[in-house]
Amino acid sequence: MEFLDRITAKLHKTRNNFSEKIKTVLNISSSGFTDELRDEIEEILLSADIGPQLSDYFLDIIKKSEGEDILKNLKDKMVGILNIEDDREYLKKPVVILLVGVNGTGKTTSAAKIAYYLKKKNKKVLLSAADTYRAAAIDQLQIWAERYSLDIVKGEQGGDAAAVIHDSYVSALSRNYDYLIVDTAGRLHTKKNLMNEFIKIKKVLKNVGNITPDEVFIIMDSTTGLNGLVQAKVFNDFIDLTGIILTKMDGSAKGGCIFPIVKEMNIPVKYIGIGENIEDFFPFDPELFIEGLFR
Ligand SMILES: Nc1nc2c(ncn2[C@@H]2O[C@H](COP(=O)(O)OP(=O)(O)OP(=O)(O)O)[C@@H](O)[C@H]2O)c(=O)[nH]1
Ligand SMILES: [Mg+2]
């Protein structure tokens with residue numbers, strides 16, 4: 001139950017701002033689903049960045065649950081939204097996982113965290129430091145790699161990211177790695193020239209091994225709230241996203257943004273980051289997540 005305990009401890013901001021408040025208003029409401037109660041709950045939902053559509057949906061659930069276990073119904077529906085079927089199979093090695101996202105969302109940290117997580121599962125993991133834009137980006141991943149004895153292929157700052165990915169793929173293939181985890185540069189979704197780099201990366205992977213990335217995870221900073229949805233949509237236009245890594249849930253009061261993002265994008269949350277340390281990272285489990293949130 002490590003995940004549940006840790007998530008319970010770390011989700012306090014979203015819990016204080018959201019689930020605790022909902023529980024409180026539902027508990028003290030003895031006069032049924034009044035307009036006043038509706039407004040109160042709506043405000044809580046919106047302030048946690050659940051978005052207008054899903055707020056209406058959840059309000060409807062609460063309204064229709066009168067006499068039943070309201071909280072249980074609500075939690076079940078929340079789990080239902082987050083439970084995206086994920087039957088992806090990895091057909092060949094190395095499994096290529098690309099980490100993408102806007103600046104500062106936690107890509108590099110998450111690259112190290114995933115590599116460490118998989119390594120602990122006895123997988124052979126290679127990191128690809130393909131953020132050639134930002135000064136010190138390569139060093140940043142290198143430091144993680146040294147600290148936790150993770151293997152890494154590095155490029156040169158100012159060099160071609162696609163070339164680094166090419167070299168690291170060749171290296172991973174020839175040395176029989178199970179996973180290749182690629183850290184990419186942060187980029188604003190509005191900067192077209194940077195977004196176009198993904199097209200080159202796809203081309204390189206196609207040429208070198210006739211492959212498409214097995215996974216493309218968008219790293220979303222949960223403190224960003226609903227703006228994350230806008231980012232995800234644009235990224236998805238340039239490179240097909242297969243999953244979400246939700247970071248900084250420990251510092252976010254807007255964790256509700258997870259619901260509209262998953263619903264709209266129809267891709268699962270694969271991992272969740274709840275701190276700056278390498279072990280503050282878990283595969284995402286919708287049921288346990290909701291249980292932890294409402295504990
Ligand atoms: N509290 C908390 N901090 C995190 C989490 N994940 C990453 N961070 C912090 O967020 C900051 C940015 O993390 P990076 O991994 O450098 O983010 P990035 O997306 O690689 O940034 P760029 O490469 O500049 O785009 C660092 O200070 C991390 O320690 C998390 O889950 N919780
Ligand atoms: Mg980075």
# chains A, B, ... in the order shown; residues from 1 in each chain; ligands from 1
$ residues_around --residues "Ala161 of chain A" --least-positions-apart "5" --cutoff "7 Å" --atoms "only C-alpha atoms" --output "ChimeraX atom specification"
/A:130-132
$ write_last_selection --atoms "N, CA and C atoms" --output "PDB file, in the first residue's frame"
ATOM      1  N   ALA A 130      18.533  14.336 -24.673  1.00  0.00           N
ATOM      2  CA  ALA A 130      18.328  14.964 -25.980  1.00  0.00           C
ATOM      3  C   ALA A 130      17.792  16.392 -25.875  1.00  0.00           C
ATOM      4  N   ASP A 131      17.939  16.996 -24.696  1.00  0.00           N
ATOM      5  CA  ASP A 131      17.654  18.424 -24.605  1.00  0.00           C
ATOM      6  C   ASP A 131      18.945  19.161 -24.912  1.00  0.00           C
ATOM      7  N   THR A 132      19.105  19.517 -26.167  1.00  0.00           N
ATOM      8  CA  THR A 132      20.342  20.186 -26.583  1.00  0.00           C
ATOM      9  C   THR A 132      20.177  21.708 -26.577  1.00  0.00           C
TER      10      THR A 132
END
$ closest_atom_pairs --of "chain A" --to "ligand 2" --cutoff "9 Å" --atoms "only C-alpha atoms and all ligand atoms" --output "CSV"
residue,atom,partner,partner_atom_place_in_ligand_line,distance
A:Asn103,CA,ligand 2,1 (Mg),7.4
A:Gly104,CA,ligand 2,1 (Mg),6.6
A:Thr105,CA,ligand 2,1 (Mg),8.1
A:Gly106,CA,ligand 2,1 (Mg),6.6
A:Lys107,CA,ligand 2,1 (Mg),5.1
A:Thr108,CA,ligand 2,1 (Mg),4.1
A:Thr109,CA,ligand 2,1 (Mg),7.2
A:Ser110,CA,ligand 2,1 (Mg),9.0
A:Ala111,CA,ligand 2,1 (Mg),8.8
A:Ala129,CA,ligand 2,1 (Mg),9.0
A:Asp131,CA,ligand 2,1 (Mg),6.7
A:Arg134,CA,ligand 2,1 (Mg),7.9
A:Ala137,CA,ligand 2,1 (Mg),5.7
A:Ile138,CA,ligand 2,1 (Mg),8.2
A:Gln140,CA,ligand 2,1 (Mg),7.7
A:Leu141,CA,ligand 2,1 (Mg),7.9
A:Asp183,CA,ligand 2,1 (Mg),6.7
A:Thr184,CA,ligand 2,1 (Mg),6.8
A:Ala185,CA,ligand 2,1 (Mg),5.9
A:Gly186,CA,ligand 2,1 (Mg),6.2
$ closest_residue --among "A:Leu11, A:Lys123, A:Pro94, A:Gly51" --to "Ala172 of chain A" --atoms "only C-alpha atoms"
A:Pro94
$ closest_residue --among "A:Ala112, A:Pro52, A:Ile143, A:Tyr177" --to "ligand 1" --atoms "only C-alpha atoms and all ligand atoms"
A:Ala112
$ closest_residue --among "A:Leu4, A:Met249, A:Leu194, A:Ile244" --to "ligand 1" --atoms "only C-alpha atoms and all ligand atoms"
A:Met249
$ closest_residue --among "A:Leu180, A:Ile267, A:Ile28, A:Ile114" --to "ligand 1" --atoms "only C-alpha atoms and all ligand atoms"
A:Ile114
$ atom_distance --atom1 "atom CA of Ala253 of chain A" --atom2 "atom CA of Asp285 of chain A"
19.5 Å
$ residues_around --residues "Asp250 of chain A" --least-positions-apart "3" --cutoff "10 Å" --atoms "only C-alpha atoms" --output "VMD selection string"
chain A and resid 7 to 14 222 to 223 247 253 255 272 to 276 280
$ write_last_selection --atoms "all heavy atoms" --output "short mmCIF file (atom, residue, chain, number, x, y, z; two decimals), in the first residue's frame"
data_model
loop_
_atom_site.label_atom_id
_atom_site.label_comp_id
_atom_site.auth_asym_id
_atom_site.auth_seq_id
_atom_site.Cartn_x
_atom_site.Cartn_y
_atom_site.Cartn_z
N ILE A 7 0.59 8.86 -1.46
CA ILE A 7 -0.26 9.80 -2.18
C ILE A 7 -1.17 10.53 -1.20
O ILE A 7 -1.41 11.73 -1.32
CB ILE A 7 -1.07 9.06 -3.28
CG1 ILE A 7 -1.39 9.99 -4.42
CG2 ILE A 7 -2.35 8.48 -2.80
CD1 ILE A 7 -0.64 9.68 -5.63
N THR A 8 -1.61 9.81 -0.21
CA THR A 8 -2.48 10.42 0.80
C THR A 8 -1.71 11.53 1.51
O THR A 8 -2.22 12.62 1.74
CB THR A 8 -2.93 9.35 1.83
OG1 THR A 8 -3.56 8.30 1.11
CG2 THR A 8 -3.92 9.93 2.81
N ALA A 9 -0.46 11.25 1.83
CA ALA A 9 0.34 12.24 2.54
C ALA A 9 0.66 13.45 1.67
O ALA A 9 0.73 14.57 2.15
CB ALA A 9 1.63 11.59 3.04
N LYS A 10 0.83 13.22 0.37
CA LYS A 10 1.34 14.29 -0.49
C LYS A 10 0.28 15.10 -1.21
O LYS A 10 0.58 16.13 -1.80
CB LYS A 10 2.28 13.69 -1.55
CG LYS A 10 3.56 13.12 -0.97
CD LYS A 10 4.55 14.22 -0.62
CE LYS A 10 5.93 13.64 -0.43
NZ LYS A 10 6.96 14.35 -1.14
N LEU A 11 -0.94 14.62 -1.21
CA LEU A 11 -1.97 15.34 -1.97
C LEU A 11 -2.71 16.37 -1.12
O LEU A 11 -3.81 16.77 -1.46
CB LEU A 11 -2.99 14.35 -2.54
CG LEU A 11 -2.54 13.46 -3.68
CD1 LEU A 11 -3.67 12.55 -4.13
CD2 LEU A 11 -2.06 14.30 -4.86
N HIS A 12 -2.05 16.80 -0.04
CA HIS A 12 -2.83 17.59 0.92
C HIS A 12 -3.40 18.88 0.34
O HIS A 12 -4.46 19.32 0.72
CB HIS A 12 -2.02 17.86 2.18
CG HIS A 12 -0.72 18.55 1.92
ND1 HIS A 12 0.40 17.85 1.52
CD2 HIS A 12 -0.37 19.84 1.96
CE1 HIS A 12 1.40 18.71 1.36
NE2 HIS A 12 0.96 19.91 1.61
N LYS A 13 -2.69 19.48 -0.62
CA LYS A 13 -3.21 20.76 -1.13
C LYS A 13 -4.50 20.58 -1.91
O LYS A 13 -5.46 21.31 -1.71
CB LYS A 13 -2.16 21.46 -1.99
CG LYS A 13 -1.08 22.07 -1.16
CD LYS A 13 -0.37 23.19 -1.87
CE LYS A 13 0.69 23.78 -0.96
NZ LYS A 13 1.71 24.51 -1.69
N THR A 14 -4.49 19.60 -2.81
CA THR A 14 -5.72 19.36 -3.57
C THR A 14 -6.81 18.83 -2.64
O THR A 14 -7.98 19.15 -2.79
CB THR A 14 -5.46 18.35 -4.72
OG1 THR A 14 -4.60 18.97 -5.67
CG2 THR A 14 -6.75 17.98 -5.43
N SER A 222 0.94 19.89 -12.68
CA SER A 222 -0.46 20.00 -12.23
C SER A 222 -0.78 21.36 -11.61
O SER A 222 -1.95 21.71 -11.49
CB SER A 222 -0.82 18.88 -11.27
OG SER A 222 0.14 18.80 -10.26
N THR A 223 0.25 22.13 -11.26
CA THR A 223 -0.05 23.46 -10.73
C THR A 223 -0.52 24.40 -11.85
O THR A 223 -1.06 25.46 -11.60
CB THR A 223 1.17 24.10 -10.02
OG1 THR A 223 2.23 24.24 -10.96
CG2 THR A 223 1.66 23.23 -8.88
N THR A 247 2.93 15.85 -12.89
CA THR A 247 3.97 16.15 -11.90
C THR A 247 3.48 17.21 -10.90
O THR A 247 2.47 17.87 -11.12
CB THR A 247 5.23 16.70 -12.59
OG1 THR A 247 4.88 17.88 -13.30
CG2 THR A 247 5.83 15.68 -13.53
N ALA A 253 -2.95 22.75 -5.76
CA ALA A 253 -4.31 22.75 -5.22
C ALA A 253 -5.30 22.55 -6.36
O ALA A 253 -6.50 22.56 -6.16
CB ALA A 253 -4.58 24.06 -4.50
N GLY A 255 -5.37 19.96 -8.56
CA GLY A 255 -5.25 18.60 -9.08
C GLY A 255 -6.47 18.14 -9.84
O GLY A 255 -6.42 17.13 -10.56
N ILE A 272 2.67 9.45 -11.78
CA ILE A 272 2.38 10.67 -11.05
C ILE A 272 3.60 11.04 -10.20
O ILE A 272 4.20 10.18 -9.56
CB ILE A 272 1.09 10.51 -10.22
CG1 ILE A 272 0.80 11.74 -9.39
CG2 ILE A 272 1.11 9.30 -9.34
CD1 ILE A 272 -0.60 11.73 -8.78
N GLY A 273 3.97 12.30 -10.28
CA GLY A 273 5.11 12.81 -9.52
C GLY A 273 4.62 13.59 -8.32
O GLY A 273 3.77 14.46 -8.44
N ILE A 274 5.14 13.24 -7.15
CA ILE A 274 4.66 13.90 -5.93
C ILE A 274 5.82 14.42 -5.09
O ILE A 274 5.76 14.41 -3.87
CB ILE A 274 3.77 12.95 -5.09
CG1 ILE A 274 4.47 11.60 -4.86
CG2 ILE A 274 2.43 12.74 -5.76
CD1 ILE A 274 3.78 10.72 -3.84
N GLY A 275 6.87 14.87 -5.76
CA GLY A 275 7.99 15.45 -5.02
C GLY A 275 9.24 15.47 -5.87
O GLY A 275 9.25 14.97 -6.99
N GLU A 276 10.29 16.06 -5.31
CA GLU A 276 11.51 16.26 -6.10
C GLU A 276 12.48 15.09 -6.03
O GLU A 276 13.45 15.06 -6.77
CB GLU A 276 12.21 17.54 -5.63
CG GLU A 276 11.40 18.78 -5.97
CD GLU A 276 12.15 20.06 -5.66
OE1 GLU A 276 12.08 20.50 -4.51
OE2 GLU A 276 12.83 20.57 -6.56
N ASP A 280 9.80 9.82 -5.41
CA ASP A 280 8.49 10.50 -5.32
C ASP A 280 7.74 10.35 -6.64
O ASP A 280 7.37 11.34 -7.29
CB ASP A 280 8.68 11.99 -5.01
CG ASP A 280 9.26 12.22 -3.63
OD1 ASP A 280 9.01 11.40 -2.74
OD2 ASP A 280 9.96 13.24 -3.46
#
$ closest_residue --among "A:Leu91, A:Ile218, A:Ala136, A:Val102" --to "ligand 1" --atoms "only C-alpha atoms and all ligand atoms"
A:Val102
$ closest_residue --among "A:Val262, A:Val164, A:Val25, A:Met195" --to "Met220 of chain A" --atoms "only C-alpha atoms"
A:Val262
$ atom_distance --atom1 "atom CA of Glu43 of chain A" --atom2 "atom 10 (O, counted along the ligand's line) of ligand 1"
28.7 Å
$ atom_distance --atom1 "atom CA of Phe284 of chain A" --atom2 "atom CA of Val269 of chain A"
6.2 Å
$ select_by_dssp --residues "segment 14-153 of chain A" --states "strand (DSSP E)" --output "VMD selection string"
chain A and resid 95 to 100 125 to 130 151 to 153
$ write_last_selection --atoms "C-alpha atoms" --output "PDB file, in the first residue's frame"
ATOM      1  CA  VAL A  95      10.952   0.248 -25.782  1.00  0.00           C
ATOM      2  CA  VAL A  96      11.287   3.898 -26.751  1.00  0.00           C
ATOM      3  CA  ILE A  97       9.697   6.411 -24.426  1.00  0.00           C
ATOM      4  CA  LEU A  98       9.761  10.072 -25.382  1.00  0.00           C
ATOM      5  CA  LEU A  99       9.126  12.695 -22.722  1.00  0.00           C
ATOM      6  CA  VAL A 100       7.744  15.981 -24.030  1.00  0.00           C
ATOM      7  CA  VAL A 125      17.461   1.177 -19.108  1.00  0.00           C
ATOM      8  CA  LEU A 126      19.297   3.778 -21.160  1.00  0.00           C
ATOM      9  CA  LEU A 127      18.725   7.506 -20.761  1.00  0.00           C
ATOM     10  CA  SER A 128      18.994   9.759 -23.781  1.00  0.00           C
ATOM     11  CA  ALA A 129      19.855  13.368 -22.907  1.00  0.00           C
ATOM     12  CA  ALA A 130      18.328  14.964 -25.980  1.00  0.00           C
ATOM     13  CA  ASP A 151      23.271   4.607 -18.134  1.00  0.00           C
ATOM     14  CA  ILE A 152      23.143   7.654 -20.353  1.00  0.00           C
ATOM     15  CA  VAL A 153      23.905   8.803 -23.883  1.00  0.00           C
TER      16      VAL A 153
END
$ residues_around --residues "Asn266 of chain A" --least-positions-apart "5" --cutoff "12 Å" --atoms "only C-alpha atoms" --output "ChimeraX atom specification"
/A:81-86,229,232-233,236,240-244,258-261
$ residues_around --residues "segment 18-24 of chain A" --least-positions-apart "2" --cutoff "7 Å" --atoms "only C-alpha atoms" --output "NGL selection string"
:A and (14-16 or 26-28 or 41 or 44-45 or 48 or 293-294)
$ residues_around --residues "Leu59 of chain A" --least-positions-apart "3" --cutoff "8 Å" --atoms "only C-alpha atoms" --output "PDB file with C-alpha atoms, in the first residue's frame"
ATOM      1  CA  ARG A  38     -25.256  23.514  -5.826  1.00  0.00           C
ATOM      2  CA  ILE A  41     -20.123  22.662  -4.730  1.00  0.00           C
ATOM      3  CA  GLU A  42     -19.748  24.209  -8.154  1.00  0.00           C
ATOM      4  CA  SER A  55     -18.399  20.316 -12.968  1.00  0.00           C
ATOM      5  CA  ASP A  56     -21.894  20.092 -14.413  1.00  0.00           C
ATOM      6  CA  ILE A  62     -24.529  14.527  -6.682  1.00  0.00           C
ATOM      7  CA  LYS A  63     -28.059  15.722  -7.394  1.00  0.00           C
TER       8      LYS A  63
END
$ select_by_dssp --residues "segment 144-276 of chain A" --states "helix (DSSP H, G or I)" --output "JSON, numbers by chain"
{"A": [144, 145, 146, 147, 161, 162, 163, 164, 165, 166, 167, 168, 169, 170, 171, 172, 173, 174, 192, 193, 194, 195, 197, 198, 199, 200, 201, 202, 203, 204, 205, 206, 207, 208, 209, 222, 223, 224, 227, 228, 229, 230, 231, 232, 233, 234, 235, 236, 237, 238, 249, 250, 251, 255, 256, 257, 258, 259, 260, 261, 262, 263, 264, 265]}
$ decode --residues "segment 61-75 of chain A" --atoms "all heavy atoms" --output "JSON list (two decimals), in the first residue's frame"
[["chain", "number", "residue", "atom", "x", "y", "z"],
["A", 61, "ILE", "N", -24.40, 14.16, -10.86],
["A", 61, "ILE", "CA", -24.25, 12.91, -10.10],
["A", 61, "ILE", "C", -24.68, 13.14, -8.64],
["A", 61, "ILE", "O", -25.43, 12.33, -8.08],
["A", 61, "ILE", "CB", -22.75, 12.45, -10.06],
["A", 61, "ILE", "CG1", -22.16, 12.32, -11.46],
["A", 61, "ILE", "CG2", -22.58, 11.16, -9.25],
["A", 61, "ILE", "CD1", -22.71, 11.22, -12.29],
["A", 62, "ILE", "N", -24.20, 14.25, -8.08],
["A", 62, "ILE", "CA", -24.53, 14.53, -6.68],
["A", 62, "ILE", "C", -26.04, 14.71, -6.52],
["A", 62, "ILE", "O", -26.66, 14.15, -5.62],
["A", 62, "ILE", "CB", -23.76, 15.79, -6.21],
["A", 62, "ILE", "CG1", -22.25, 15.50, -6.19],
["A", 62, "ILE", "CG2", -24.24, 16.22, -4.83],
["A", 62, "ILE", "CD1", -21.37, 16.72, -5.95],
["A", 63, "LYS", "N", -26.62, 15.45, -7.45],
["A", 63, "LYS", "CA", -28.06, 15.72, -7.39],
["A", 63, "LYS", "C", -28.87, 14.42, -7.46],
["A", 63, "LYS", "O", -29.80, 14.20, -6.68],
["A", 63, "LYS", "CB", -28.44, 16.63, -8.56],
["A", 63, "LYS", "CG", -29.85, 17.14, -8.52],
["A", 63, "LYS", "CD", -30.05, 18.09, -9.68],
["A", 63, "LYS", "CE", -31.51, 18.46, -9.81],
["A", 63, "LYS", "NZ", -31.72, 19.28, -11.02],
["A", 64, "LYS", "N", -28.47, 13.56, -8.38],
["A", 64, "LYS", "CA", -29.23, 12.32, -8.58],
["A", 64, "LYS", "C", -28.96, 11.28, -7.51],
["A", 64, "LYS", "O", -29.60, 10.24, -7.47],
["A", 64, "LYS", "CB", -28.88, 11.72, -9.95],
["A", 64, "LYS", "CG", -29.51, 12.49, -11.09],
["A", 64, "LYS", "CD", -29.15, 11.85, -12.42],
["A", 64, "LYS", "CE", -29.78, 12.60, -13.57],
["A", 64, "LYS", "NZ", -29.00, 12.45, -14.80],
["A", 65, "SER", "N", -27.96, 11.53, -6.68],
["A", 65, "SER", "CA", -27.57, 10.52, -5.69],
["A", 65, "SER", "C", -28.34, 10.67, -4.38],
["A", 65, "SER", "O", -28.04, 9.99, -3.41],
["A", 65, "SER", "CB", -26.09, 10.64, -5.35],
["A", 65, "SER", "OG", -25.31, 10.44, -6.49],
["A", 66, "GLU", "N", -29.29, 11.58, -4.33],
["A", 66, "GLU", "CA", -29.98, 11.81, -3.06],
["A", 66, "GLU", "C", -30.52, 10.51, -2.49],
["A", 66, "GLU", "O", -31.15, 9.74, -3.18],
["A", 66, "GLU", "CB", -31.10, 12.82, -3.26],
["A", 66, "GLU", "CG", -30.62, 14.23, -2.93],
["A", 66, "GLU", "CD", -31.73, 15.24, -2.99],
["A", 66, "GLU", "OE1", -32.09, 15.61, -4.11],
["A", 66, "GLU", "OE2", -32.21, 15.62, -1.93],
["A", 67, "GLY", "N", -30.24, 10.34, -1.22],
["A", 67, "GLY", "CA", -30.71, 9.12, -0.57],
["A", 67, "GLY", "C", -29.72, 7.98, -0.72],
["A", 67, "GLY", "O", -29.75, 7.02, 0.02],
["A", 68, "GLU", "N", -28.83, 8.09, -1.69],
["A", 68, "GLU", "CA", -27.81, 7.03, -1.84],
["A", 68, "GLU", "C", -26.51, 7.51, -1.21],
["A", 68, "GLU", "O", -26.46, 8.57, -0.63],
["A", 68, "GLU", "CB", -27.58, 6.74, -3.32],
["A", 68, "GLU", "CG", -28.78, 6.22, -4.06],
["A", 68, "GLU", "CD", -28.52, 6.21, -5.56],
["A", 68, "GLU", "OE1", -27.39, 5.89, -5.96],
["A", 68, "GLU", "OE2", -29.45, 6.53, -6.31],
["A", 69, "ASP", "N", -25.49, 6.74, -1.38],
["A", 69, "ASP", "CA", -24.20, 7.15, -0.87],
["A", 69, "ASP", "C", -23.56, 8.11, -1.89],
["A", 69, "ASP", "O", -22.94, 7.69, -2.86],
["A", 69, "ASP", "CB", -23.31, 5.92, -0.66],
["A", 69, "ASP", "CG", -22.01, 6.29, 0.04],
["A", 69, "ASP", "OD1", -21.64, 7.48, 0.01],
["A", 69, "ASP", "OD2", -21.37, 5.40, 0.61],
["A", 70, "ILE", "N", -23.80, 9.40, -1.66],
["A", 70, "ILE", "CA", -23.37, 10.41, -2.63],
["A", 70, "ILE", "C", -21.87, 10.33, -2.90],
["A", 70, "ILE", "O", -21.43, 10.32, -4.04],
["A", 70, "ILE", "CB", -23.70, 11.84, -2.12],
["A", 70, "ILE", "CG1", -25.20, 11.97, -1.87],
["A", 70, "ILE", "CG2", -23.24, 12.88, -3.14],
["A", 70, "ILE", "CD1", -25.61, 13.34, -1.38],
["A", 71, "LEU", "N", -21.13, 10.26, -1.81],
["A", 71, "LEU", "CA", -19.67, 10.30, -1.97],
["A", 71, "LEU", "C", -19.17, 9.09, -2.76],
["A", 71, "LEU", "O", -18.29, 9.21, -3.61],
["A", 71, "LEU", "CB", -19.01, 10.35, -0.58],
["A", 71, "LEU", "CG", -17.59, 10.86, -0.58],
["A", 71, "LEU", "CD1", -17.51, 12.26, -1.16],
["A", 71, "LEU", "CD2", -17.02, 10.84, 0.83],
["A", 72, "LYS", "N", -19.78, 7.95, -2.49],
["A", 72, "LYS", "CA", -19.35, 6.75, -3.22],
["A", 72, "LYS", "C", -19.66, 6.90, -4.71],
["A", 72, "LYS", "O", -18.83, 6.59, -5.56],
["A", 72, "LYS", "CB", -20.04, 5.51, -2.65],
["A", 72, "LYS", "CG", -19.59, 4.25, -3.37],
["A", 72, "LYS", "CD", -20.09, 2.98, -2.75],
["A", 72, "LYS", "CE", -19.54, 1.74, -3.47],
["A", 72, "LYS", "NZ", -19.64, 1.81, -4.94],
["A", 73, "ASN", "N", -20.84, 7.38, -5.01],
["A", 73, "ASN", "CA", -21.19, 7.60, -6.43],
["A", 73, "ASN", "C", -20.22, 8.54, -7.10],
["A", 73, "ASN", "O", -19.77, 8.30, -8.23],
["A", 73, "ASN", "CB", -22.60, 8.18, -6.55],
["A", 73, "ASN", "CG", -23.65, 7.12, -6.34],
["A", 73, "ASN", "OD1", -23.33, 5.93, -6.24],
["A", 73, "ASN", "ND2", -24.90, 7.52, -6.24],
["A", 74, "LEU", "N", -19.91, 9.61, -6.40],
["A", 74, "LEU", "CA", -19.01, 10.62, -6.97],
["A", 74, "LEU", "C", -17.63, 10.01, -7.22],
["A", 74, "LEU", "O", -17.04, 10.18, -8.30],
["A", 74, "LEU", "CB", -18.91, 11.79, -5.98],
["A", 74, "LEU", "CG", -18.18, 13.03, -6.45],
["A", 74, "LEU", "CD1", -18.91, 13.66, -7.63],
["A", 74, "LEU", "CD2", -18.08, 14.06, -5.31],
["A", 75, "LYS", "N", -17.14, 9.29, -6.23],
["A", 75, "LYS", "CA", -15.80, 8.69, -6.37],
["A", 75, "LYS", "C", -15.77, 7.67, -7.51],
["A", 75, "LYS", "O", -14.83, 7.62, -8.30],
["A", 75, "LYS", "CB", -15.38, 8.03, -5.04],
["A", 75, "LYS", "CG", -14.88, 9.06, -4.04],
["A", 75, "LYS", "CD", -14.94, 8.59, -2.59],
["A", 75, "LYS", "CE", -14.11, 7.39, -2.27],
["A", 75, "LYS", "NZ", -14.26, 6.99, -0.85]]
